[in-house]
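Reproduced below: query05.pdb, with PDB, C-alpha atoms.
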```
ATOM      1  CA  GLN E 918      25.379 -26.844 -47.710
ATOM      2  CA  VAL E 919      21.704 -26.188 -48.180
ATOM      3  CA  GLN E 920      19.380 -27.960 -50.595
ATOM      4  CA  LEU E 921      17.164 -25.756 -52.740
ATOM      5  CA  VAL E 922      14.066 -26.693 -54.745
ATOM      6  CA  GLU E 923      12.450 -24.174 -57.093
ATOM      7  CA  SER E 924       8.867 -24.229 -58.318
ATOM      8  CA  GLY E 925       6.354 -21.966 -59.990
ATOM      9  CA  GLY E 926       7.721 -21.629 -63.482
ATOM     10  CA  GLY E 927       5.602 -21.997 -66.584
ATOM     11  CA  LEU E 928       4.339 -20.433 -69.766
ATOM     12  CA  VAL E 929       2.814 -16.961 -69.599
ATOM     13  CA  GLN E 930       1.888 -14.295 -72.120
ATOM     14  CA  ALA E 931       3.751 -11.026 -72.280
ATOM     15  CA  GLY E 932       2.460  -8.670 -69.629
ATOM     16  CA  GLY E 933       1.548 -11.510 -67.318
ATOM     17  CA  SER E 934       2.824 -12.516 -63.906
ATOM     18  CA  LEU E 935       4.336 -15.517 -62.195
ATOM     19  CA  ARG E 936       5.529 -16.214 -58.684
ATOM     20  CA  LEU E 937       8.512 -18.473 -58.161
ATOM     21  CA  SER E 938       9.207 -20.237 -54.899
ATOM     22  CA  CYS E 939      12.394 -21.744 -53.548
ATOM     23  CA  ALA E 940      12.169 -24.108 -50.605
ATOM     24  CA  ALA E 941      15.365 -24.573 -48.653
ATOM     25  CA  SER E 942      16.342 -27.414 -46.379
ATOM     26  CA  GLY E 943      19.071 -27.344 -43.801
ATOM     27  CA  THR E 944      19.800 -25.074 -40.927
ATOM     28  CA  MET E 945      20.401 -21.373 -40.597
ATOM     29  CA  PHE E 946      18.118 -20.350 -43.453
ATOM     30  CA  SER E 947      17.153 -17.153 -41.657
ATOM     31  CA  ILE E 948      20.719 -15.850 -41.604
ATOM     32  CA  ARG E 949      21.553 -16.711 -45.204
ATOM     33  CA  PRO E 950      21.288 -14.229 -48.025
ATOM     34  CA  MET E 951      19.159 -15.741 -50.777
ATOM     35  CA  GLY E 952      18.838 -14.866 -54.399
ATOM     36  CA  TRP E 953      17.581 -15.624 -57.859
ATOM     37  CA  CYS E 954      19.568 -15.873 -61.026
ATOM     38  CA  ARG E 955      18.564 -16.852 -64.546
ATOM     39  CA  GLN E 956      20.059 -18.294 -67.683
ATOM     40  CA  GLY E 957      18.544 -17.814 -71.085
ATOM     41  CA  ARG E 958      19.292 -20.172 -73.954
ATOM     42  CA  GLY E 959      22.775 -19.522 -75.241
ATOM     43  CA  LYS E 960      23.423 -16.908 -72.565
ATOM     44  CA  GLN E 961      25.471 -16.755 -69.413
ATOM     45  CA  ARG E 962      23.798 -17.085 -66.063
ATOM     46  CA  GLU E 963      22.959 -13.657 -64.693
ATOM     47  CA  PHE E 964      21.955 -12.122 -61.399
ATOM     48  CA  VAL E 965      18.293 -11.218 -60.960
ATOM     49  CA  ALA E 966      17.734 -10.333 -57.299
ATOM     50  CA  HIS E 967      18.843 -11.103 -53.779
ATOM     51  CA  ILE E 968      17.621 -10.532 -50.262
ATOM     52  CA  THR E 969      19.754 -10.422 -47.140
ATOM     53  CA  SER E 970      18.960 -11.879 -43.755
ATOM     54  CA  THR E 971      17.761  -8.444 -42.657
ATOM     55  CA  GLY E 972      15.464  -8.058 -45.651
ATOM     56  CA  SER E 973      17.545  -5.691 -47.742
ATOM     57  CA  THR E 974      17.046  -6.304 -51.430
ATOM     58  CA  ASN E 975      18.943  -5.679 -54.628
ATOM     59  CA  TYR E 976      17.821  -6.111 -58.225
ATOM     60  CA  ALA E 977      19.307  -6.225 -61.670
ATOM     61  CA  ASP E 978      18.465  -3.113 -63.657
ATOM     62  CA  SER E 979      16.529  -5.193 -66.164
ATOM     63  CA  VAL E 980      13.978  -6.343 -63.570
ATOM     64  CA  ARG E 981      13.884  -3.497 -61.072
ATOM     65  CA  GLY E 982      10.338  -2.223 -60.649
ATOM     66  CA  ARG E 983       8.826  -5.388 -62.129
ATOM     67  CA  PHE E 984      10.158  -8.164 -59.898
ATOM     68  CA  THR E 985       9.981  -8.422 -56.111
ATOM     69  CA  ILE E 986      11.994 -10.810 -53.984
ATOM     70  CA  SER E 987      10.796 -11.766 -50.512
ATOM     71  CA  ARG E 988      11.394 -14.433 -47.918
ATOM     72  CA  ASP E 989       9.454 -16.291 -45.260
ATOM     73  CA  ASN E 990      11.903 -17.557 -42.675
ATOM     74  CA  ALA E 991       9.226 -19.579 -40.888
ATOM     75  CA  LYS E 992       8.754 -21.585 -44.086
ATOM     76  CA  ASN E 993      12.411 -21.587 -45.194
ATOM     77  CA  THR E 994      11.235 -20.189 -48.511
ATOM     78  CA  VAL E 995      12.225 -17.344 -50.774
ATOM     79  CA  TYR E 996       9.920 -15.979 -53.468
ATOM     80  CA  LEU E 997      10.246 -14.044 -56.682
ATOM     81  CA  GLN E 998       7.126 -12.211 -57.798
ATOM     82  CA  MET E 999       7.473 -11.370 -61.474
ATOM     83  CA  ASN E1000       5.129  -8.847 -63.065
ATOM     84  CA  SER E1001       4.962  -7.268 -66.502
ATOM     85  CA  LEU E1002       6.882 -10.157 -67.977
ATOM     86  CA  ASN E1003       8.300  -9.843 -71.466
ATOM     87  CA  PRO E1004       9.899 -12.380 -73.814
ATOM     88  CA  GLU E1005      13.375 -11.265 -72.728
ATOM     89  CA  ASP E1006      12.593 -12.717 -69.297
ATOM     90  CA  THR E1007      12.419 -16.209 -70.780
ATOM     91  CA  ALA E1008      15.044 -18.306 -68.995
ATOM     92  CA  VAL E1009      15.664 -21.025 -66.479
ATOM     93  CA  TYR E1010      15.477 -19.410 -63.073
ATOM     94  CA  PHE E1011      17.716 -20.696 -60.316
ATOM     95  CA  CYS E1012      17.653 -20.168 -56.593
ATOM     96  CA  ASN E1013      21.007 -19.450 -54.958
ATOM     97  CA  ALA E1014      22.068 -19.259 -51.354
ATOM     98  CA  GLY E1015      24.224 -16.176 -51.570
ATOM     99  CA  LEU E1016      24.598 -12.615 -52.786
ATOM    100  CA  ARG E1017      24.646 -11.901 -56.527
ATOM    101  CA  CYS E1018      24.720 -15.608 -57.461
ATOM    102  CA  MET E1019      27.945 -16.159 -55.545
ATOM    103  CA  GLY E1020      26.640 -18.844 -53.193
ATOM    104  CA  ALA E1021      27.764 -22.458 -53.486
ATOM    105  CA  SER E1022      24.278 -23.965 -53.271
ATOM    106  CA  TRP E1023      21.979 -24.040 -56.292
ATOM    107  CA  GLY E1024      18.582 -25.447 -57.061
ATOM    108  CA  GLN E1025      17.779 -27.430 -60.211
ATOM    109  CA  GLY E1026      16.051 -24.484 -61.857
ATOM    110  CA  THR E1027      12.547 -23.785 -63.096
ATOM    111  CA  GLN E1028      11.698 -22.793 -66.658
ATOM    112  CA  VAL E1029       9.923 -19.514 -67.327
ATOM    113  CA  THR E1030       8.706 -18.927 -70.869
ATOM    114  CA  VAL E1031       7.084 -15.661 -71.898
ATOM    115  CA  SER E1032       5.273 -15.640 -75.217
ATOM    116  CA  SER E1033       4.805 -12.486 -77.262
TER     117      SER E1033
END
```

Could you take the file, read its structure, and then write that structure out as structure tokens?
Amino acid sequence: QVQLVESGGGLVQAGGSLRLSCAASGTMFSIRPMGWCRQGRGKQREFVAHITSTGSTNYADSVRGRFTISRDNAKNTVYLQMNSLNPEDTAVYFCNAGLRCMGASWGQGTQVTVSS
């Protein structure tokens, strides 16, 4: 198991940007795929992006071209740079140690609210 702590959420106007961070504890971070998922109010949790140990990335269609996932293995941290935010991006964002939100380890989530 790996412990995950997200940060960086907040309130932003439409068109703005935020960068989320997820700090991981435990061993073998560099070989784990890491990802971000989100859950809007009244909605199911959905995949946003993931990055493999080799740096390959994958994005949901709804965020491709606006969001960028990256990782810093020296800091055991994965990031999600979110640009051109719109109200539909409002959700709790969760870090996950796995591909497409399939990992067993989750963070507590960080709230992102985009005002119109």

Once the PyMOL selection byres ((chain E and resi 951) around 6) has been applied to the shown file, what residues remain in the selection, as an mmCIF file with C-alpha atoms, in the coordinates of the input?
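Output (out.cif):
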```
data_model
loop_
_atom_site.group_PDB
_atom_site.id
_atom_site.type_symbol
_atom_site.label_atom_id
_atom_site.label_comp_id
_atom_site.auth_asym_id
_atom_site.auth_seq_id
_atom_site.Cartn_x
_atom_site.Cartn_y
_atom_site.Cartn_z
ATOM 1 C CA PRO E 950 21.288 -14.229 -48.025
ATOM 2 C CA GLY E 952 18.838 -14.866 -54.399
ATOM 3 C CA HIS E 967 18.843 -11.103 -53.779
ATOM 4 C CA ILE E 968 17.621 -10.532 -50.262
ATOM 5 C CA ASN E 1013 21.007 -19.450 -54.958
ATOM 6 C CA ALA E 1014 22.068 -19.259 -51.354
ATOM 7 C CA GLY E 1015 24.224 -16.176 -51.570
#
```

Subject >> Atomic distance atom CA of Ala931 of chain E - atom CA of Val995 of chain E, expressed in Å with one decimal >> reply: 24.0 Å

**OP:** Taking the point (21.0, -6.9, -57.5) as given in the file, collect each protein or nucleic acid residue that comes within 8 Å of it, counting only C-alpha atoms, and present the set as a PyMOL selection string.
**Re:** chain E and resi 964-967+974-978+1017

Subject >> Given all atoms listed in the file as the counted atoms, nearest of E:Gln918, E:Ser1033, E:Thr1007, E:Gln930 to Arg955 of chain E >> reply: E:Thr1007

Original post:
Between atom CA of Lys960 of chain E and atom CA of Gly926 of chain E, what is the distance, to one decimal in Å?
Top reply: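 Atom-to-atom, atom CA of Lys960 of chain E and atom CA of Gly926 of chain E are spaced 18.7 Å apart.
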
**OP:** Please identify all polymer residues within 12 Å of segment 999-1001 of chain E, counting only C-alpha atoms, omitting same-chain residues fewer than 3 positions from it, and present them as a VMD selection string.
**Re:** chain E and resid 925 to 927 929 to 938 953 965 to 966 979 to 987 996 1004 to 1007 1010 1029 1031 1033
